[in-house]
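> Sharing upload_11.txt, compact mmCIF, C-alpha atoms:
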```txt
# COMPACT_ATOMS: atom_id res chain seq x y z
CA MET Y 51 8.17 2.03 -10.85
CA LYS Y 52 10.53 0.98 -8.09
CA ALA Y 53 10.50 3.14 -4.96
CA ARG Y 54 13.60 5.29 -4.93
CA PHE Y 55 13.63 5.93 -1.18
CA ARG Y 56 13.56 3.68 1.84
CA PRO Y 57 12.42 4.23 5.42
CA GLY Y 58 15.02 6.33 7.25
CA ASP Y 59 16.21 8.16 4.12
CA SER Y 60 16.52 11.92 4.40
CA VAL Y 61 14.65 13.83 1.70
CA THR Y 62 13.83 17.41 0.76
CA VAL Y 63 10.46 18.45 -0.66
CA ARG Y 64 10.76 20.24 -3.99
CA SER Y 65 10.04 23.96 -3.82
CA ALA Y 66 8.32 23.91 -7.20
CA TYR Y 67 5.27 26.06 -7.66
CA SER Y 68 2.65 24.09 -9.45
CA LEU Y 69 -0.77 24.98 -10.75
CA GLY Y 70 -3.68 22.56 -10.68
CA HIS Y 71 -4.61 19.77 -8.31
CA VAL Y 72 -1.47 19.24 -6.27
CA ARG Y 73 -1.49 17.15 -3.09
CA THR Y 74 1.75 18.60 -1.72
CA PRO Y 75 0.82 21.25 0.86
CA HIS Y 76 2.50 24.59 0.36
CA TYR Y 77 3.76 24.71 3.94
CA ILE Y 78 6.06 21.73 3.45
CA LYS Y 79 7.80 22.78 0.24
CA GLY Y 80 11.55 23.12 0.68
CA LYS Y 81 11.49 21.29 4.04
CA ARG Y 82 13.62 18.34 4.98
CA GLY Y 83 12.17 15.15 6.43
CA ILE Y 84 12.74 11.45 6.93
CA ILE Y 85 10.89 8.69 5.07
CA GLU Y 86 8.63 7.02 7.66
CA ARG Y 87 7.24 4.33 5.34
CA VAL Y 88 6.63 3.46 1.73
CA CYS Y 89 2.86 3.35 1.17
CA GLY Y 90 2.83 1.70 -2.27
CA GLU Y 91 2.17 3.02 -5.75
CA PHE Y 92 -0.77 5.17 -6.73
CA ALA Y 93 -2.12 6.91 -9.81
CA ASN Y 94 -0.89 10.49 -9.92
CA PRO Y 95 -3.67 12.76 -8.55
CA GLU Y 96 -2.30 15.69 -10.53
CA GLU Y 97 -3.40 13.80 -13.66
CA LEU Y 98 -6.48 12.05 -12.26
CA ALA Y 99 -8.03 15.41 -11.39
CA TYR Y 100 -8.26 16.24 -15.08
CA GLY Y 101 -9.81 12.98 -16.23
CA ARG Y 102 -6.56 11.34 -17.26
CA ARG Y 103 -5.40 7.93 -16.07
CA GLY Y 104 -2.54 9.12 -13.88
CA LEU Y 105 -0.10 6.53 -15.18
CA PRO Y 106 2.57 5.45 -14.56
CA LYS Y 107 1.69 5.06 -10.92
CA ARG Y 108 3.91 6.95 -8.50
CA PRO Y 109 5.44 5.67 -5.29
CA LEU Y 110 3.86 7.35 -2.28
CA TYR Y 111 5.65 7.89 1.03
CA ARG Y 112 4.84 9.04 4.51
CA VAL Y 113 7.48 11.57 5.39
CA ARG Y 114 8.11 12.75 8.95
CA PHE Y 115 9.14 16.35 9.59
CA GLU Y 116 10.27 18.01 12.80
CA GLN Y 117 7.77 20.72 13.65
CA GLU Y 118 10.58 23.06 14.66
CA GLN Y 119 11.95 22.83 11.12
CA VAL Y 120 8.55 23.43 9.56
CA TRP Y 121 7.41 26.40 11.66
CA PRO Y 122 10.12 28.75 12.94
CA ASP Y 123 7.80 29.96 15.71
CA TYR Y 124 6.62 26.48 16.73
CA ILE Y 125 5.64 26.14 20.36
CA GLY Y 126 6.38 22.68 21.72
CA PRO Y 127 9.26 20.29 22.38
CA PRO Y 128 11.70 19.47 19.55
CA SER Y 129 10.39 15.91 19.38
CA ASP Y 130 7.02 17.01 17.93
CA THR Y 131 6.47 15.99 14.31
CA VAL Y 132 4.12 16.26 11.37
CA ASP Y 133 3.79 13.27 9.02
CA ILE Y 134 2.70 13.95 5.46
CA GLU Y 135 1.98 11.72 2.46
CA LEU Y 136 4.05 12.80 -0.52
CA TYR Y 137 4.51 11.37 -4.01
CA GLU Y 138 8.00 10.53 -5.15
CA HIS Y 139 8.19 13.22 -7.83
CA TRP Y 140 7.97 15.84 -5.07
CA LEU Y 141 10.98 14.45 -3.19
CA GLU Y 142 14.70 14.87 -3.72
CA PRO Y 143 17.47 13.01 -1.92
CA ASP Y 144 18.87 15.18 0.82
CA THR Y 145 22.52 15.90 0.35
CA LYS Y 146 22.99 18.31 3.24
CA LYS Y 147 24.57 16.93 6.38
CA ASP Y 148 23.96 18.19 9.88
CA MET O 139 -59.19 19.47 12.06
CA GLY O 140 -57.60 17.44 14.83
CA THR O 141 -56.75 18.48 18.34
CA PRO O 142 -55.93 22.19 18.62
CA HIS O 143 -52.21 22.77 19.05
CA ASP O 144 -50.90 25.05 21.75
CA HIS O 145 -47.75 25.88 19.84
CA THR O 146 -46.97 27.35 16.48
CA PRO O 147 -45.67 24.83 14.01
CA PRO O 148 -41.99 25.10 13.19
CA ALA O 149 -41.10 26.99 10.04
CA ASP O 150 -40.76 24.87 6.93
CA SER O 151 -37.15 24.37 5.94
CA ASP O 152 -37.76 24.85 2.25
CA ALA O 153 -35.42 27.73 1.59
CA PRO O 154 -34.19 28.00 -2.00
CA LEU O 155 -31.56 25.45 -2.95
CA THR O 156 -27.96 26.52 -2.66
CA TYR O 157 -25.64 26.40 -5.65
CA HIS O 158 -24.07 23.13 -4.52
CA GLN O 159 -27.41 21.49 -3.78
CA THR O 160 -28.60 22.34 -7.27
CA MET O 161 -25.35 21.03 -8.71
CA GLU O 162 -25.66 17.77 -6.74
CA ILE O 163 -29.19 17.15 -8.02
CA ALA O 164 -28.19 17.98 -11.60
CA VAL O 165 -25.18 15.63 -11.55
CA ARG O 166 -27.17 12.87 -9.83
CA GLU O 167 -30.00 13.06 -12.39
CA LEU O 168 -27.54 13.09 -15.27
CA LEU O 169 -25.67 10.04 -13.95
CA ILE O 170 -28.96 8.15 -13.73
CA GLU O 171 -30.21 9.40 -17.10
CA LYS O 172 -26.97 8.36 -18.79
CA LYS O 173 -27.20 4.97 -17.03
CA ILE O 174 -23.80 5.37 -15.36
CA ILE O 175 -25.43 4.51 -12.05
CA ASP O 176 -29.00 3.53 -11.22
CA ALA O 177 -31.15 5.10 -8.55
CA ALA O 178 -31.28 1.95 -6.42
CA THR O 179 -27.48 1.61 -6.30
CA LEU O 180 -27.14 5.26 -5.42
CA HIS O 181 -29.71 4.93 -2.66
CA HIS O 182 -27.96 1.82 -1.36
CA GLN O 183 -24.62 3.67 -1.19
CA VAL O 184 -26.17 6.56 0.74
CA GLU O 185 -27.76 4.12 3.20
CA LYS O 186 -24.47 2.29 3.57
CA MET O 187 -22.63 5.51 4.39
CA ASP O 188 -25.34 6.58 6.84
CA ALA O 189 -24.97 3.24 8.64
CA ARG O 190 -21.29 3.87 9.32
CA SER O 191 -20.53 5.48 12.63
CA PRO O 192 -17.81 5.91 15.24
CA ALA O 193 -19.18 2.80 16.94
CA MET O 194 -17.42 0.74 14.27
CA GLY O 195 -14.08 2.34 15.11
CA ALA O 196 -14.75 1.92 18.83
CA LYS O 197 -15.26 -1.81 18.29
CA VAL O 198 -11.85 -2.04 16.60
CA VAL O 199 -10.15 -0.05 19.37
CA ALA O 200 -11.72 -2.09 22.18
CA ARG O 201 -10.63 -5.33 20.54
CA ALA O 202 -7.08 -4.01 20.21
CA TRP O 203 -7.11 -3.16 23.93
CA VAL O 204 -8.04 -6.68 25.02
CA ASP O 205 -6.06 -8.64 22.43
CA PRO O 206 -2.37 -7.70 21.96
CA GLU O 207 -2.02 -9.94 18.90
CA TYR O 208 -5.01 -8.28 17.28
CA LYS O 209 -3.48 -4.89 18.08
CA GLN O 210 -0.32 -5.92 16.27
CA ARG O 211 -2.32 -6.99 13.24
CA LEU O 212 -4.23 -3.70 13.33
CA LEU O 213 -1.00 -1.70 13.36
CA THR O 214 0.46 -3.81 10.53
CA ASP O 215 -2.58 -4.07 8.24
CA SER O 216 -5.60 -2.10 9.44
CA PRO O 217 -8.01 -2.97 6.59
CA ALA O 218 -7.43 -6.70 7.18
CA ALA O 219 -7.85 -6.28 10.94
CA CYS O 220 -11.15 -4.43 10.42
CA LYS O 221 -12.32 -7.20 8.12
CA GLU O 222 -11.71 -9.74 10.89
CA LEU O 223 -14.47 -7.94 12.82
CA GLY O 224 -16.78 -7.90 9.82
CA ILE O 225 -16.01 -4.28 8.94
CA GLU O 226 -15.46 -3.78 5.21
CA LEU O 227 -13.55 -0.59 4.40
CA ASP O 228 -14.27 -0.89 0.66
CA GLY O 229 -10.73 -0.09 -0.42
CA THR O 230 -9.83 2.54 2.18
CA LEU O 231 -6.13 2.21 2.99
CA LEU O 232 -6.39 2.71 6.70
CA VAL O 233 -3.29 3.34 8.79
CA THR O 234 -3.58 3.04 12.58
CA VAL O 235 -1.34 5.19 14.74
CA GLU O 236 -0.98 4.25 18.39
CA ASN O 237 -1.01 6.59 21.37
CA THR O 238 1.40 5.56 24.11
CA ASP O 239 2.75 7.12 27.32
CA ASP O 240 5.22 9.04 25.16
CA VAL O 241 3.37 9.75 21.91
CA HIS O 242 0.05 11.38 21.12
CA ASN O 243 -1.32 11.36 17.55
CA ALA O 244 -3.80 13.72 15.91
CA ILE O 245 -5.29 13.60 12.42
CA VAL O 246 -6.04 16.38 9.96
CA CYS O 247 -6.39 16.92 6.25
CA THR O 248 -4.98 20.38 5.57
CA LEU O 249 -5.82 20.28 1.85
CA CYS O 250 -9.50 19.30 2.07
CA SER O 251 -11.24 17.07 4.59
CA CYS O 252 -10.06 13.49 4.01
CA TYR O 253 -11.40 11.35 6.83
CA PRO O 254 -11.75 7.58 7.45
CA ARG O 255 -15.45 7.72 6.45
CA ASN O 256 -15.64 4.04 5.65
CA LEU O 257 -14.84 3.31 9.27
CA LEU O 258 -16.15 6.28 11.28
CA GLY O 259 -18.92 7.66 9.06
CA LEU O 260 -19.15 11.34 8.17
CA PRO O 261 -16.69 13.76 9.78
CA PRO O 262 -17.77 16.40 12.30
CA ASP O 263 -18.15 19.93 10.92
CA TRP O 264 -15.19 21.28 12.89
CA TYR O 265 -12.89 18.74 11.22
CA LYS O 266 -13.70 20.39 7.89
CA SER O 267 -13.32 23.96 9.15
CA HIS O 268 -10.47 26.12 7.95
CA ALA O 269 -9.64 26.97 11.55
CA TYR O 270 -8.98 23.36 12.57
CA ARG O 271 -7.17 22.46 9.36
CA LYS O 272 -4.86 25.45 9.46
CA ARG O 273 -4.20 25.53 13.16
CA VAL O 274 -3.82 21.92 14.28
CA VAL O 275 -0.84 21.41 12.02
CA ARG O 276 0.85 24.59 13.15
CA GLU O 277 -0.05 24.85 16.83
CA PRO O 278 -1.37 21.40 17.74
CA ARG O 279 -0.79 21.76 21.47
CA THR O 280 -2.86 24.93 21.63
CA VAL O 281 -5.67 23.41 19.58
CA LEU O 282 -5.69 20.22 21.68
CA ALA O 283 -5.80 22.33 24.84
CA GLU O 284 -8.88 24.10 23.44
CA PHE O 285 -10.45 20.64 23.08
CA GLY O 286 -9.62 20.11 26.76
CA LEU O 287 -6.52 18.01 26.23
CA GLU O 288 -3.37 19.49 27.75
CA LEU O 289 -0.30 17.42 27.00
CA PRO O 290 2.97 17.63 28.95
CA ASP O 291 6.18 18.28 27.02
CA HIS O 292 7.48 14.75 27.60
CA VAL O 293 4.69 13.53 25.31
CA THR O 294 5.60 13.87 21.64
CA VAL O 295 2.76 15.21 19.50
CA ARG O 296 2.59 13.69 16.05
CA VAL O 297 0.20 15.35 13.62
CA HIS O 298 -0.72 13.30 10.55
CA ASP O 299 -1.75 15.25 7.48
CA SER O 300 -3.90 13.00 5.24
CA THR O 301 -2.74 14.50 1.98
CA ALA O 302 -3.11 11.51 -0.35
CA ASP O 303 -4.31 7.91 -0.43
CA MET O 304 -4.07 6.86 3.24
CA ARG O 305 -6.68 7.45 5.94
CA TYR O 306 -5.90 7.40 9.64
CA LEU O 307 -7.25 5.96 12.86
CA VAL O 308 -5.83 6.94 16.22
CA LEU O 309 -5.63 3.99 18.59
CA PRO O 310 -5.98 5.68 21.98
CA ALA O 311 -4.30 4.30 25.09
CA ARG O 312 -6.55 2.17 27.28
CA PRO O 313 -7.55 4.25 30.28
CA SER O 314 -6.56 3.15 33.77
CA GLY O 315 -9.23 1.73 36.01
CA THR O 316 -10.66 -0.45 33.25
CA ALA O 317 -9.06 -3.79 34.13
CA ARG O 318 -12.46 -5.37 34.79
CA PHE O 319 -14.24 -3.89 31.76
CA ASP O 320 -15.27 -6.28 29.02
CA GLN O 321 -14.85 -5.43 25.35
CA GLU O 322 -18.34 -3.97 25.03
CA ALA O 323 -17.90 -1.72 28.07
CA LEU O 324 -14.51 -0.60 26.76
CA ALA O 325 -15.96 0.30 23.36
CA LYS O 326 -18.39 2.69 25.05
CA LEU O 327 -15.42 4.75 26.31
CA VAL O 328 -14.10 5.35 22.79
CA SER O 329 -15.54 8.51 21.27
CA ARG O 330 -15.13 9.76 17.73
CA ASP O 331 -12.86 12.56 18.97
CA CYS O 332 -10.54 10.02 20.63
CA MET O 333 -10.07 8.33 17.26
CA ILE O 334 -9.24 11.65 15.56
CA GLY O 335 -6.85 12.40 18.39
CA VAL O 336 -8.34 15.57 19.87
CA ALA O 337 -9.41 13.73 23.04
CA VAL O 338 -8.42 10.73 25.13
CA PRO O 339 -10.81 8.21 26.67
CA HIS O 340 -11.53 8.17 30.41
CA ALA O 341 -13.09 5.48 32.51
```
I need this file expressed as structure tokens, please.

Amino acid sequence: MKARFRPGDSVTVRSAYSLGHVRTPHYIKGKRGIIERVCGEFANPEELAYGRRGLPKRPLYRVRFEQEQVWPDYIGPPSDTVDIELYEHWLEPDTKKD
Amino acid sequence: MGTPHDHTPPADSDAPLTYHQTMEIAVRELLIEKKIIDAATLHHQVEKMDARSPAMGAKVVARAWVDPEYKQRLLTDSPAACKELGIELDGTLLVTVENTDDVHNAIVCTLCSCYPRNLLGLPPDWYKSHAYRKRVVREPRTVLAEFGLELPDHVTVRVHDSTADMRYLVLPARPSGTARFDQEALAKLVSRDCMIGVAVPHA
């Protein structure tokens, strides 16, 4: 599976509600971030957790978010960030423009 | 009877097993019984994990401080850079994040308690607490201040949430006043907390 996104791309985390073993933290759903790096391809933990093989492997990214965008009441300068590892199927290309 | 003791012996710590202790023993015995793993291998793995400690991470950090080319290799490919020093991470995909004059990094796993165990050994209890995991991602500056680390606003705080397959090492900035320190002396300044990013080293 070829990675769909490249470093610097703007993405939005899907707001999907999902049962089971999901590695996308709730607090980041619906938020917009920038791809920091492509980490490679990994078996899907949502499948692995139930004894399945987790194939095909999914591209994994580190995505950087501005803390001010993540927490409306964030205390700190606008440059502060949180970086999160997210699998490709949780990311959508960002179409909104500032 | 031997020499009389002038103190009462400590209470035996043989309280009933907890649910998870019972579960661990049951699973362990089953794995051995079903020949999925043998007792010696299991014992070897436990010993191997017990032998890992923050001293291994400190060795990596100190080397990066004295050798700029090594630092670059560490930032590019941390597992390979650890291997150069004889440290086998056994498949851990380590990512090193560097503290500078302008950036401070801190590590958390909000979903569970992922930690670079194959480099630093077992995590401290507070790292696994709900309080740390919930708060450091949301109010990192307040949490760091509680650890005694107050950061000015011109320093960007980057929190790294280890949600998936990567594990993280913070490469702290080399403290001032250490120009004459050798690598071994430098390593002694690097605490576990510095490599999680809730502290910075001092000379």
> One number please: atom CA of Ile85 of chain Y to atom CA of Tyr137 of chain Y, in Å, one decimal.
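Spanning atom CA of Ile85 of chain Y to atom CA of Tyr137 of chain Y is a straight-line distance of 11.4 Å.
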> Please compute the atom CA of Ile175 of chain O-atom CA of Met194 of chain O distance, one decimal, in Å.
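Straight-line distance from atom CA of Ile175 of chain O to atom CA of Met194 of chain O works out to 27.8 Å.
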> Would you list which chain Y residues are within 8 Å of chain O using all atoms listed in the file, as a ChimeraX atom specification?
/Y:73-75,92,117,121,124-127,129-136
> Generate the output file for the selected residues, C-alpha atoms, as a PDB file, in the frame of the given file.

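Heads up, here's the output in selection-v2.pdb:
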```pdb
ATOM      1  CA  ARG Y  73      -1.490  17.150  -3.090  1.00  0.00           C
ATOM      2  CA  THR Y  74       1.750  18.600  -1.720  1.00  0.00           C
ATOM      3  CA  PRO Y  75       0.820  21.250   0.860  1.00  0.00           C
ATOM      4  CA  PHE Y  92      -0.770   5.170  -6.730  1.00  0.00           C
ATOM      5  CA  GLN Y 117       7.770  20.720  13.650  1.00  0.00           C
ATOM      6  CA  TRP Y 121       7.410  26.400  11.660  1.00  0.00           C
ATOM      7  CA  TYR Y 124       6.620  26.480  16.730  1.00  0.00           C
ATOM      8  CA  ILE Y 125       5.640  26.140  20.360  1.00  0.00           C
ATOM      9  CA  GLY Y 126       6.380  22.680  21.720  1.00  0.00           C
ATOM     10  CA  PRO Y 127       9.260  20.290  22.380  1.00  0.00           C
ATOM     11  CA  SER Y 129      10.390  15.910  19.380  1.00  0.00           C
ATOM     12  CA  ASP Y 130       7.020  17.010  17.930  1.00  0.00           C
ATOM     13  CA  THR Y 131       6.470  15.990  14.310  1.00  0.00           C
ATOM     14  CA  VAL Y 132       4.120  16.260  11.370  1.00  0.00           C
ATOM     15  CA  ASP Y 133       3.790  13.270   9.020  1.00  0.00           C
ATOM     16  CA  ILE Y 134       2.700  13.950   5.460  1.00  0.00           C
ATOM     17  CA  GLU Y 135       1.980  11.720   2.460  1.00  0.00           C
ATOM     18  CA  LEU Y 136       4.050  12.800  -0.520  1.00  0.00           C
TER      19      LEU Y 136
END
```
> Would you work out the distance separating atom CA of Leu327 of chain O from atom CA of Val198 of chain O, expressed in Å to one decimal?
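Answer for the atom CA of Leu327 of chain O to atom CA of Val198 of chain O separation: 12.4 Å.
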> Using only C-alpha atoms, can you tell me which of O:Pro192, O:Ala218, O:Leu227, O:Arg166 comes closest to Thr179 of chain O?
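Result for the nearest residue to Thr179 of chain O: O:Arg166.
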> Might you pull out every residue within 8 Å of Arg82 of chain Y, with only C-alpha atoms counted and same-chain residues fewer than 3 positions away left off, and present them as a PDB file with C-alpha atoms, keeping the file's coordinate frame?

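Printed below is around_8.pdb as written:
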```pdb
ATOM      1  CA  SER Y  60      16.520  11.920   4.400  1.00  0.00           C
ATOM      2  CA  VAL Y  61      14.650  13.830   1.700  1.00  0.00           C
ATOM      3  CA  THR Y  62      13.830  17.410   0.760  1.00  0.00           C
ATOM      4  CA  VAL Y  63      10.460  18.450  -0.660  1.00  0.00           C
ATOM      5  CA  PHE Y 115       9.140  16.350   9.590  1.00  0.00           C
ATOM      6  CA  GLN Y 119      11.950  22.830  11.120  1.00  0.00           C
ATOM      7  CA  ASP Y 144      18.870  15.180   0.820  1.00  0.00           C
TER       8      ASP Y 144
END
```
